[in-house]
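Undergrad: Data file model-v9.cif (mmCIF, C-alpha atoms and all ligand atoms) is appended below.
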data_upload
loop_
_atom_site.label_atom_id
_atom_site.label_comp_id
_atom_site.auth_asym_id
_atom_site.auth_seq_id
_atom_site.Cartn_x
_atom_site.Cartn_y
_atom_site.Cartn_z
CA MET A 207 -22.86 12.40 6.00
CA GLU A 208 -26.54 11.69 5.26
CA ALA A 209 -25.70 8.14 4.17
CA LEU A 210 -23.87 7.55 7.44
CA GLN A 211 -26.71 8.97 9.52
CA GLN A 212 -29.22 6.84 7.61
CA LYS A 213 -27.08 3.72 8.03
CA ALA A 214 -26.82 4.30 11.79
CA ARG A 215 -30.59 4.82 12.03
CA THR A 216 -31.32 1.61 10.13
CA LEU A 217 -28.88 -0.48 12.16
CA LEU A 218 -30.30 0.76 15.48
CA GLU A 219 -33.93 0.41 14.37
CA SER A 220 -33.34 -3.18 13.24
CA GLY A 221 -31.56 -3.98 16.51
CA SER A 222 -28.58 -5.48 14.65
CA VAL A 223 -26.30 -3.24 16.75
CA LYS A 224 -26.88 -1.60 20.12
CA VAL A 225 -24.58 1.37 19.64
CA VAL A 226 -22.97 3.21 16.75
CA ILE A 227 -19.64 4.77 17.69
CA GLY A 228 -18.93 7.73 15.43
CA TYR A 229 -18.05 11.41 15.46
CA THR A 230 -19.88 14.62 16.21
CA ALA A 231 -18.80 18.27 16.30
CA GLY A 232 -16.51 19.10 19.21
CA SER A 233 -16.62 22.23 21.37
CA ASP A 234 -13.45 23.33 19.54
CA ALA A 235 -14.46 24.04 15.91
CA GLN A 236 -11.25 22.39 14.65
CA ARG A 237 -12.00 19.03 16.22
CA ALA A 238 -14.62 16.33 16.25
CA ARG A 239 -15.32 14.20 19.28
CA ALA A 240 -16.60 10.67 19.75
CA LEU A 241 -20.36 10.12 19.84
CA PHE A 242 -22.08 6.99 21.12
CA VAL A 243 -25.39 6.78 19.29
CA ARG A 244 -27.79 4.50 21.12
CA ASN A 245 -31.13 5.45 19.61
CA PRO A 246 -32.14 6.23 16.01
CA GLU A 247 -33.07 9.87 16.77
CA GLN A 248 -29.48 10.60 17.88
CA ALA A 249 -28.09 9.50 14.48
CA GLN A 250 -28.57 12.99 13.02
CA GLN A 251 -25.73 14.24 15.24
CA LEU A 252 -23.18 12.10 13.39
CA ILE A 253 -20.71 13.93 11.16
CA TRP A 254 -18.04 12.84 8.70
CA ASP A 255 -15.39 15.29 7.53
CA ALA A 256 -11.67 16.03 7.82
CA ARG A 257 -11.97 16.60 11.56
CA CYS A 258 -12.89 12.95 12.13
CA ARG A 259 -9.34 11.76 12.74
CA GLN A 260 -9.42 10.11 16.16
CA ASN A 261 -9.06 6.33 16.08
CA LEU A 262 -12.34 5.24 17.65
CA ALA A 263 -11.22 1.62 18.06
CA THR A 264 -9.70 2.70 21.36
CA TYR A 265 -13.18 2.67 22.94
CA LEU A 266 -13.63 -1.02 22.19
CA ASN A 267 -11.21 -1.79 25.04
CA LYS A 268 -13.42 -0.14 27.65
CA PRO A 269 -15.54 -2.56 29.72
CA GLU A 270 -18.33 0.05 29.92
CA VAL A 271 -18.46 0.26 26.12
CA ARG A 272 -18.37 -3.52 25.69
CA ALA A 273 -21.28 -3.71 28.15
CA LEU A 274 -23.44 -1.66 25.76
CA GLY A 275 -23.72 -4.63 23.39
CA LYS A 276 -22.70 -5.08 19.78
CA ALA A 277 -21.22 -1.91 18.28
CA ALA A 278 -20.94 -0.50 14.79
CA LEU A 279 -17.76 1.54 14.48
CA VAL A 280 -17.20 4.39 12.03
CA ALA A 281 -13.76 3.55 10.72
CA ARG A 282 -10.96 5.22 8.81
CA PRO A 283 -8.46 2.86 7.14
CA THR A 284 -6.14 3.01 10.16
CA THR A 285 -9.08 2.14 12.43
CA LEU A 286 -9.73 -0.91 10.25
CA ARG A 287 -6.06 -1.85 10.59
CA THR A 288 -6.45 -1.59 14.36
CA LEU A 289 -9.31 -4.12 14.27
CA LEU A 290 -7.13 -6.59 12.36
CA GLN A 291 -4.27 -6.02 14.82
CA TYR A 292 -6.72 -6.69 17.68
CA ALA A 293 -7.55 -9.96 15.93
CA VAL A 294 -3.86 -10.86 15.77
CA GLU A 295 -3.48 -10.05 19.48
CA ASN A 296 -6.62 -11.97 20.48
CA GLN A 297 -8.37 -8.81 21.68
CA LEU A 298 -11.41 -9.01 19.42
CA ALA A 299 -13.50 -11.86 18.08
CA ASP A 300 -14.53 -12.03 14.45
CA GLU A 301 -17.93 -10.39 13.83
CA ALA A 302 -17.94 -8.83 17.32
CA VAL A 303 -17.95 -5.34 15.77
CA LEU A 304 -19.49 -4.04 12.56
CA ALA A 305 -17.03 -1.68 10.89
CA LEU A 306 -18.48 1.14 8.76
CA ALA A 307 -16.05 2.45 6.15
CA VAL A 308 -17.04 5.83 4.67
CA ASN A 309 -15.80 6.72 1.19
CA ASP A 310 -17.11 9.40 -1.19
CA GLY A 311 -20.39 9.65 0.67
CA GLN A 312 -20.91 5.88 0.57
CA VAL A 313 -20.95 3.68 3.66
CA THR A 314 -19.65 0.13 3.35
CA GLU A 315 -20.49 -2.42 6.03
CA LEU A 316 -17.53 -4.65 6.90
CA PRO A 317 -18.89 -7.31 9.26
CA THR A 318 -15.94 -9.74 9.32
CA PHE A 319 -12.15 -9.63 9.49
CA ALA A 320 -12.05 -11.13 5.98
CA ALA A 321 -14.20 -8.25 4.66
CA ILE A 322 -11.90 -5.72 6.34
CA GLU A 323 -8.81 -7.37 4.83
CA GLU A 324 -10.41 -7.28 1.40
CA HIS A 325 -11.41 -3.63 1.78
CA LEU A 326 -7.94 -2.55 2.97
CA ALA A 327 -6.38 -4.23 -0.06
CA THR A 328 -8.16 -1.59 -2.20
CA GLN A 329 -6.90 1.37 -0.15
CA PRO A 330 -3.66 3.34 -0.64
CA ARG A 331 -0.83 1.98 1.49
CA GLY A 332 2.39 3.45 2.88
CA LEU A 333 3.57 6.92 3.78
CA THR A 334 2.84 10.13 1.93
CA PRO A 335 5.85 11.56 0.02
CA GLU A 336 6.20 14.28 2.71
CA GLN A 337 6.20 11.71 5.54
CA GLN A 338 8.75 9.56 3.71
CA GLN A 339 10.99 12.56 3.07
CA GLU A 340 10.93 13.58 6.74
CA LEU A 341 11.61 10.02 7.89
CA THR A 342 14.56 9.70 5.52
CA ARG A 343 15.97 13.04 6.64
CA VAL A 344 15.84 12.24 10.37
CA SER A 345 17.10 8.67 9.90
CA ALA A 346 20.09 9.96 7.93
CA LEU A 347 21.28 12.33 10.68
CA PRO A 348 24.65 11.38 12.20
CA LEU A 349 24.19 9.37 15.42
CA GLU A 350 25.04 12.25 17.81
CA GLU A 351 22.71 14.66 16.03
CA ARG A 352 19.92 12.08 15.94
CA TRP A 353 20.32 11.46 19.67
CA ALA A 354 20.31 15.22 20.40
CA PHE A 355 17.17 15.64 18.27
CA TRP A 356 15.21 12.90 20.06
CA ALA A 357 16.52 13.77 23.53
CA ALA A 358 15.33 17.38 23.06
CA GLU A 359 12.04 16.34 21.50
CA LEU A 360 11.05 13.62 23.98
CA GLY A 361 12.51 15.50 26.95
CA ARG A 362 9.72 18.10 26.52
CA CYS A 363 7.15 15.51 27.58
CA ILE A 364 5.10 16.39 30.68
CA LYS A 365 3.99 12.79 31.32
CA CYS A 366 0.30 13.59 30.99
CA PHE A 367 -0.26 10.19 29.26
CA ALA A 368 -2.79 11.60 26.81
CA CYS A 369 -0.92 9.68 24.08
CA ARG A 370 -1.49 6.42 25.94
CA ALA A 371 -5.18 7.20 26.51
CA ALA A 372 -5.70 7.97 22.81
CA CYS A 373 -3.85 4.92 21.52
CA PRO A 374 -6.02 1.89 20.74
CA LEU A 375 -3.00 -0.39 21.01
CA CYS A 376 -1.98 0.84 24.50
CA TYR A 377 -4.47 -1.38 26.27
CA CYS A 378 -2.51 -3.05 29.10
CA ASP A 379 -4.47 -3.18 32.38
CA ARG A 380 -1.39 -1.94 34.17
CA CYS A 381 1.12 0.18 32.31
CA ILE A 382 4.83 -0.10 33.11
CA VAL A 383 4.81 3.58 34.02
CA GLU A 384 2.53 2.84 36.97
CA VAL A 385 4.58 -0.05 38.31
CA ASN A 386 6.48 1.18 41.39
CA GLN A 387 8.06 -2.02 42.72
CA PRO A 388 10.49 -1.70 41.06
CA GLN A 389 10.01 1.85 39.81
CA TRP A 390 11.06 1.39 36.20
CA ILE A 391 10.17 4.92 35.12
CA PRO A 392 10.32 7.95 37.46
CA VAL A 393 6.96 9.51 38.31
CA ALA A 394 8.25 13.08 38.23
CA SER A 395 8.76 14.87 34.97
CA ASP A 396 12.47 15.13 34.22
CA PRO A 397 14.25 15.02 30.87
CA LEU A 398 15.74 11.53 31.26
CA GLY A 399 12.57 9.96 32.70
CA ASN A 400 10.45 11.63 30.04
CA LEU A 401 12.68 10.25 27.34
CA GLU A 402 12.56 6.79 28.97
CA TRP A 403 8.77 6.82 29.01
CA ASN A 404 8.53 7.69 25.33
CA VAL A 405 11.17 5.18 24.28
CA VAL A 406 9.52 2.38 26.30
CA ARG A 407 6.12 3.22 24.85
CA ALA A 408 7.49 3.37 21.30
CA MET A 409 9.20 -0.01 21.74
CA HIS A 410 5.94 -1.54 22.99
CA LEU A 411 4.26 -0.26 19.85
CA ALA A 412 7.03 -1.31 17.45
CA GLY A 413 5.62 -3.56 14.75
CA ARG A 414 2.09 -3.00 16.12
CA CYS A 415 1.45 0.72 15.54
CA VAL A 416 -0.96 1.36 12.66
CA ASP A 417 0.08 5.03 12.17
CA CYS A 418 -3.34 6.47 13.00
CA GLY A 419 -1.74 9.58 14.52
CA SER A 420 -4.13 9.74 17.48
CA CYS A 421 -1.29 9.82 20.02
CA ALA A 422 0.39 12.81 18.35
CA ASP A 423 -2.95 14.59 17.91
CA ALA A 424 -3.59 14.19 21.65
CA CYS A 425 -0.18 15.44 22.78
CA PRO A 426 -0.43 18.92 24.33
CA GLU A 427 3.31 19.47 23.75
CA ASN A 428 3.14 18.63 20.03
CA ILE A 429 5.92 16.09 20.47
CA ARG A 430 6.66 14.15 17.28
CA ILE A 431 5.52 10.78 18.60
CA ASP A 432 4.15 10.08 15.13
CA LEU A 433 7.61 10.46 13.64
CA LEU A 434 9.17 8.23 16.31
CA ASN A 435 6.54 5.56 15.62
CA ARG A 436 7.31 5.77 11.90
CA VAL A 437 11.03 5.33 12.54
CA LEU A 438 10.31 2.11 14.43
CA ALA A 439 7.70 0.98 11.91
CA GLN A 440 10.33 1.38 9.20
CA GLU A 441 12.80 -0.71 11.23
CA ALA A 442 10.18 -3.40 11.89
CA LEU A 443 9.33 -3.52 8.20
CA THR A 444 12.94 -3.64 7.07
CA HIS A 445 14.15 -6.24 9.56
CA PHE A 446 11.03 -8.33 10.20
CA GLY A 447 8.76 -7.67 7.22
CA ALA A 448 6.15 -6.37 9.69
CA ALA A 449 3.24 -4.36 8.24
CA PRO A 450 0.68 -4.51 11.07
CA GLY A 451 -3.04 -4.36 10.53
CA TYR A 452 -3.30 -5.75 7.03
CA SER A 453 -4.02 -9.36 7.92
CA THR A 454 -5.05 -11.59 10.81
CA ARG A 455 -1.94 -13.79 10.50
CA LYS A 456 -0.49 -14.12 13.99
CA ASP A 457 3.10 -13.32 13.09
CA TYR A 458 3.70 -9.77 14.31
CA ALA A 459 7.31 -8.78 14.84
CA LEU A 460 7.85 -8.76 18.60
CA ALA A 461 5.77 -11.87 19.29
CA ALA A 462 7.20 -14.22 16.69
CA TYR A 463 10.53 -15.99 16.87
CA LYS A 464 12.29 -16.67 13.61
CA PRO A 465 15.62 -18.51 13.62
CA ASP A 466 16.88 -16.28 10.83
CA ASP A 467 16.19 -12.98 12.66
CA LYS A 468 19.29 -10.83 12.22
CA GLU A 469 19.07 -9.43 15.77
CA GLU A 470 20.17 -6.05 14.50
CA PHE A 471 17.00 -4.29 15.59
CA ILE A 472 18.40 -2.69 18.75
CA ARG A 473 21.82 -1.15 18.34
S1 LIG B 501 1.09 4.62 18.73
FE1 LIG B 501 -0.08 6.42 18.00
S2 LIG B 501 -0.15 6.16 15.77
FE2 LIG B 501 0.38 4.15 16.66
S3 LIG B 501 -1.56 3.05 16.95
FE3 LIG B 501 -1.12 4.13 18.87
S4 LIG B 501 -2.20 6.11 18.66
FE4 LIG B 501 -2.06 5.23 16.60
S1 LIG B 502 0.82 13.15 25.30
FE1 LIG B 502 2.81 14.16 24.91
S2 LIG B 502 3.29 15.22 26.82
FE2 LIG B 502 1.65 13.74 27.29
S3 LIG B 502 2.77 11.88 27.95
FE3 LIG B 502 2.41 11.65 25.76
S4 LIG B 502 4.30 12.48 24.82
FE4 LIG B 502 4.27 13.21 26.92
#
Could you write out this structure as structure tokens?
Ligand code: SF4
Ligand code: SF4
TA:
Amino acid sequence: MEALQQKARTLLESGSVKVVIGYTAGSDAQRARALFVRNPEQAQQLIWDARCRQNLATYLNKPEVRALGKAALVARPTTLRTLLQYAVENQLADEAVLALAVNDGQVTELPTFAAIEEHLATQPRGLTPEQQQELTRVSALPLEERWAFWAAELGRCIKCFACRAACPLCYCDRCIVEVNQPQWIPVASDPLGNLEWNVVRAMHLAGRCVDCGSCADACPENIRIDLLNRVLAQEALTHFGAAPGYSTRKDYALAAYKPDDKEEFIR
């Protein structure tokens, strides 16, 4: 924590960044919240512990944050993956943000996409054994049972859109859920419309989601959006070889046409 605070102080004093986006203690003792450090004295409020889960890359999409000037971003591995996915989607220029990876009390500056790629290559990859087990179990359910499971799970949604607000890859200026001519998705909360919203969102994230978990953490209904995302990530990996956020190659699944695609993705 001290190393991170010192790094933020040095970066702000030297003027090499205008803001350090990190975490500080939240009002709820179980959670941290985002902190925008704009002067060296504020750096002492930065924390780094298990509560620092939110993917802070989501703030880089905000015009008011971009207007602050060059940012340093405290980044977990999934946040770093988000930056590379932004590169692929032309949402972020190289060297526009200084990523700060924190490991074992050490802070590593990652100023370029190439440095992020190199750093991620040294980090563990893939699901935990528990996540893999759960994914396998749900995917193996007979079709009717799987449908009943997801219909019940997603039908509990209250359409608060906290998942969308927390997701760094949900950055459209106008979301399909707000389009009313035609009204693709009903405004009111009803089981079918709630399910439609979640399925549409999951499809938009398929092959792009970096499994940061911020959407599920934000959901007041504890809906297993994380599990749904993993189901689709597994499909995208199996059928398209998509592992988003590990490179800046512009070949992500739903934006690249390959003549040998099997077209078995949606059944
Ligand atoms: S869909 Fe959820 S897990 Fe995936 S990138 Fe967005 S917030 Fe993270
Ligand atoms: S955060 Fe949860 S309840 Fe709110 S819209 Fe997303 S899935 Fe639905």
Undergrad: Can you list, as JSON, numbers by chain, every protein, DNA or RNA residue that comes within 12 Å of stretch 399-409 of chain A when you count all atoms listed in the file, leaving out same-chain residues fewer than 6 positions away?
TA: {"A": [353, 354, 355, 356, 357, 358, 359, 360, 361, 362, 363, 364, 365, 366, 367, 369, 370, 373, 375, 376, 377, 378, 381, 382, 383, 384, 389, 390, 391, 392, 393, 415, 417, 421, 422, 425, 429, 430, 431, 432, 433, 434, 435, 436, 437, 438, 439, 441, 442, 459, 460, 471, 472]}
Undergrad: Taking all atoms of stretch 248-267 of chain A that the file lists and extending 3 Å past them on each side, where is the centre of the axis-aligned box and how long are its edges? Answer in Å to one decimal, as lines of an AutoDock Vina configuration file.
TA:
center_x = -19.3
center_y = 7.4
center_z = 16.3
size_x = 26.4
size_y = 24.4
size_z = 23.5
Undergrad: List every protein, DNA or RNA residue that has at least one atom no more than 12 Å from (-26.8, 3.5, 8.1) in the file's coordinates, counting all atoms listed in the file, and write the result as an mmCIF file with C-alpha atoms, keeping the file's coordinate frame.
TA:
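Result file part-v8.cif:
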data_model
loop_
_atom_site.group_PDB
_atom_site.id
_atom_site.type_symbol
_atom_site.label_atom_id
_atom_site.label_comp_id
_atom_site.auth_asym_id
_atom_site.auth_seq_id
_atom_site.Cartn_x
_atom_site.Cartn_y
_atom_site.Cartn_z
ATOM 1 C CA MET A 207 -22.860 12.400 6.000
ATOM 2 C CA GLU A 208 -26.540 11.690 5.260
ATOM 3 C CA ALA A 209 -25.700 8.140 4.170
ATOM 4 C CA LEU A 210 -23.870 7.550 7.440
ATOM 5 C CA GLN A 211 -26.710 8.970 9.520
ATOM 6 C CA GLN A 212 -29.220 6.840 7.610
ATOM 7 C CA LYS A 213 -27.080 3.720 8.030
ATOM 8 C CA ALA A 214 -26.820 4.300 11.790
ATOM 9 C CA ARG A 215 -30.590 4.820 12.030
ATOM 10 C CA THR A 216 -31.320 1.610 10.130
ATOM 11 C CA LEU A 217 -28.880 -0.480 12.160
ATOM 12 C CA LEU A 218 -30.300 0.760 15.480
ATOM 13 C CA GLU A 219 -33.930 0.410 14.370
ATOM 14 C CA SER A 220 -33.340 -3.180 13.240
ATOM 15 C CA SER A 222 -28.580 -5.480 14.650
ATOM 16 C CA VAL A 223 -26.300 -3.240 16.750
ATOM 17 C CA VAL A 225 -24.580 1.370 19.640
ATOM 18 C CA VAL A 226 -22.970 3.210 16.750
ATOM 19 C CA GLY A 228 -18.930 7.730 15.430
ATOM 20 C CA VAL A 243 -25.390 6.780 19.290
ATOM 21 C CA PRO A 246 -32.140 6.230 16.010
ATOM 22 C CA ALA A 249 -28.090 9.500 14.480
ATOM 23 C CA GLN A 250 -28.570 12.990 13.020
ATOM 24 C CA LEU A 252 -23.180 12.100 13.390
ATOM 25 C CA ALA A 278 -20.940 -0.500 14.790
ATOM 26 C CA LEU A 279 -17.760 1.540 14.480
ATOM 27 C CA VAL A 280 -17.200 4.390 12.030
ATOM 28 C CA LEU A 304 -19.490 -4.040 12.560
ATOM 29 C CA ALA A 305 -17.030 -1.680 10.890
ATOM 30 C CA LEU A 306 -18.480 1.140 8.760
ATOM 31 C CA ALA A 307 -16.050 2.450 6.150
ATOM 32 C CA VAL A 308 -17.040 5.830 4.670
ATOM 33 C CA GLY A 311 -20.390 9.650 0.670
ATOM 34 C CA GLN A 312 -20.910 5.880 0.570
ATOM 35 C CA VAL A 313 -20.950 3.680 3.660
ATOM 36 C CA THR A 314 -19.650 0.130 3.350
ATOM 37 C CA GLU A 315 -20.490 -2.420 6.030
#
Undergrad: Calculated over only C-alpha atoms and all ligand atoms, which of the candidates A:Leu411, A:Thr285, A:Ala371, A:Leu443 has the smallest distance to ligand LIG 502 (chain B)?
TA: A:Ala371
Undergrad: Which is closer to ligand LIG 502 (chain B) than all the others in A:Ala394, A:Leu326, A:Ala346, A:Leu290, using only C-alpha atoms and all ligand atoms?
TA: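 Looking only at the distances to ligand LIG 502 (chain B), the closest residue turns out to be A:Ala394.
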Undergrad: Between A:Pro269, A:Pro388, A:Pro426, A:Gly232, which residue has the minimum interatomic distance to ligand LIG 502 (chain B), considering only C-alpha atoms and all ligand atoms?
TA: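 Looking at the shortest contact to ligand LIG 502 (chain B), the residue is A:Pro426.
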Undergrad: Go through A:Pro348, A:Gly447, A:Pro374, A:Pro397 and flag the residue nearest ligand LIG 501 (chain B), using only C-alpha atoms and all ligand atoms for the distances.
TA: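 Residue with the minimum atom-to-atom distance to ligand LIG 501 (chain B): A:Pro374.
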Undergrad: Record the distance separating atom CA of A:Ala231 and atom CA of A:Asp255, expressed in Å with one decimal.
TA: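 Going from atom CA of A:Ala231 over to atom CA of A:Asp255 covers 9.9 Å.
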Undergrad: Can you work out which one of A:Ile227, A:Ala368, A:Ala449, A:Ile253 has the shortest atom-to-atom distance to ligand LIG 502 (chain B), counting all atoms listed in the file?
TA: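 Distance minimum relative to ligand LIG 502 (chain B) lands on A:Ala368.
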Undergrad: Using Å and a single decimal, report how far atom FE4 of ligand LIG 501 (chain B) sits from atom CA of A:Lys456.
TA: 19.6 Å
Undergrad: Closest to A:Thr444 among A:Lys468, A:His325, A:Ala461, A:Glu350, using all atoms listed in the file?
TA: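 Looking only at the distances to A:Thr444, the closest residue turns out to be A:Lys468.
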Undergrad: May I ask for the distance between atom CA of A:Ala238 and atom CA of A:Gly419, given in Å to one decimal place?
TA: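 So the answer is 14.6 Å.
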Undergrad: So which residues touch A:Tyr458 within 8 Å, counting only C-alpha atoms, skipping near sequence neighbours fewer than 6 positions away, as a PDB file with C-alpha atoms, keeping the file's coordinate frame?
TA:
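The resulting selection.pdb:
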ATOM      1  CA  VAL A 294      -3.860 -10.860  15.770  1.00  0.00           C
ATOM      2  CA  GLY A 413       5.620  -3.560  14.750  1.00  0.00           C
ATOM      3  CA  ARG A 414       2.090  -3.000  16.120  1.00  0.00           C
ATOM      4  CA  ALA A 448       6.150  -6.370   9.690  1.00  0.00           C
ATOM      5  CA  PRO A 450       0.680  -4.510  11.070  1.00  0.00           C
TER       6      PRO A 450
END
Undergrad: Hey, could you patch up stretch 339-350 of chain A with N, CA and C atoms and hand it over as a PDB file, in the coordinates of the input?
TA:
ATOM      1  N   GLN A 339       9.858  11.635   3.156  1.00  0.00           N
ATOM      2  CA  GLN A 339      10.990  12.560   3.070  1.00  0.00           C
ATOM      3  C   GLN A 339      11.500  12.919   4.478  1.00  0.00           C
ATOM      4  N   GLU A 340      10.559  13.206   5.373  1.00  0.00           N
ATOM      5  CA  GLU A 340      10.930  13.580   6.740  1.00  0.00           C
ATOM      6  C   GLU A 340      11.603  12.410   7.461  1.00  0.00           C
ATOM      7  N   LEU A 341      11.050  11.221   7.260  1.00  0.00           N
ATOM      8  CA  LEU A 341      11.610  10.020   7.890  1.00  0.00           C
ATOM      9  C   LEU A 341      13.038   9.775   7.394  1.00  0.00           C
ATOM     10  N   THR A 342      13.230   9.922   6.107  1.00  0.00           N
ATOM     11  CA  THR A 342      14.560   9.700   5.520  1.00  0.00           C
ATOM     12  C   THR A 342      15.553  10.729   6.066  1.00  0.00           C
ATOM     13  N   ARG A 343      15.084  11.972   6.166  1.00  0.00           N
ATOM     14  CA  ARG A 343      15.970  13.040   6.640  1.00  0.00           C
ATOM     15  C   ARG A 343      16.425  12.777   8.084  1.00  0.00           C
ATOM     16  N   VAL A 344      15.488  12.453   8.957  1.00  0.00           N
ATOM     17  CA  VAL A 344      15.840  12.240  10.370  1.00  0.00           C
ATOM     18  C   VAL A 344      16.689  10.971  10.519  1.00  0.00           C
ATOM     19  N   SER A 345      16.348   9.930   9.779  1.00  0.00           N
ATOM     20  CA  SER A 345      17.100   8.670   9.900  1.00  0.00           C
ATOM     21  C   SER A 345      18.529   8.824   9.401  1.00  0.00           C
ATOM     22  N   ALA A 346      18.752   9.793   8.507  1.00  0.00           N
ATOM     23  CA  ALA A 346      20.090   9.960   7.930  1.00  0.00           C
ATOM     24  C   ALA A 346      20.989  10.868   8.778  1.00  0.00           C
ATOM     25  N   LEU A 347      20.434  11.463   9.842  1.00  0.00           N
ATOM     26  CA  LEU A 347      21.280  12.330  10.680  1.00  0.00           C
ATOM     27  C   LEU A 347      22.397  11.512  11.311  1.00  0.00           C
ATOM     28  N   PRO A 348      23.589  12.091  11.477  1.00  0.00           N
ATOM     29  CA  PRO A 348      24.650  11.380  12.200  1.00  0.00           C
ATOM     30  C   PRO A 348      24.138  11.005  13.605  1.00  0.00           C
ATOM     31  N   LEU A 349      24.690   9.925  14.161  1.00  0.00           N
ATOM     32  CA  LEU A 349      24.190   9.370  15.420  1.00  0.00           C
ATOM     33  C   LEU A 349      24.045  10.426  16.530  1.00  0.00           C
ATOM     34  N   GLU A 350      25.070  11.245  16.718  1.00  0.00           N
ATOM     35  CA  GLU A 350      25.040  12.250  17.810  1.00  0.00           C
ATOM     36  C   GLU A 350      23.917  13.253  17.582  1.00  0.00           C
TER      37      GLU A 350
END
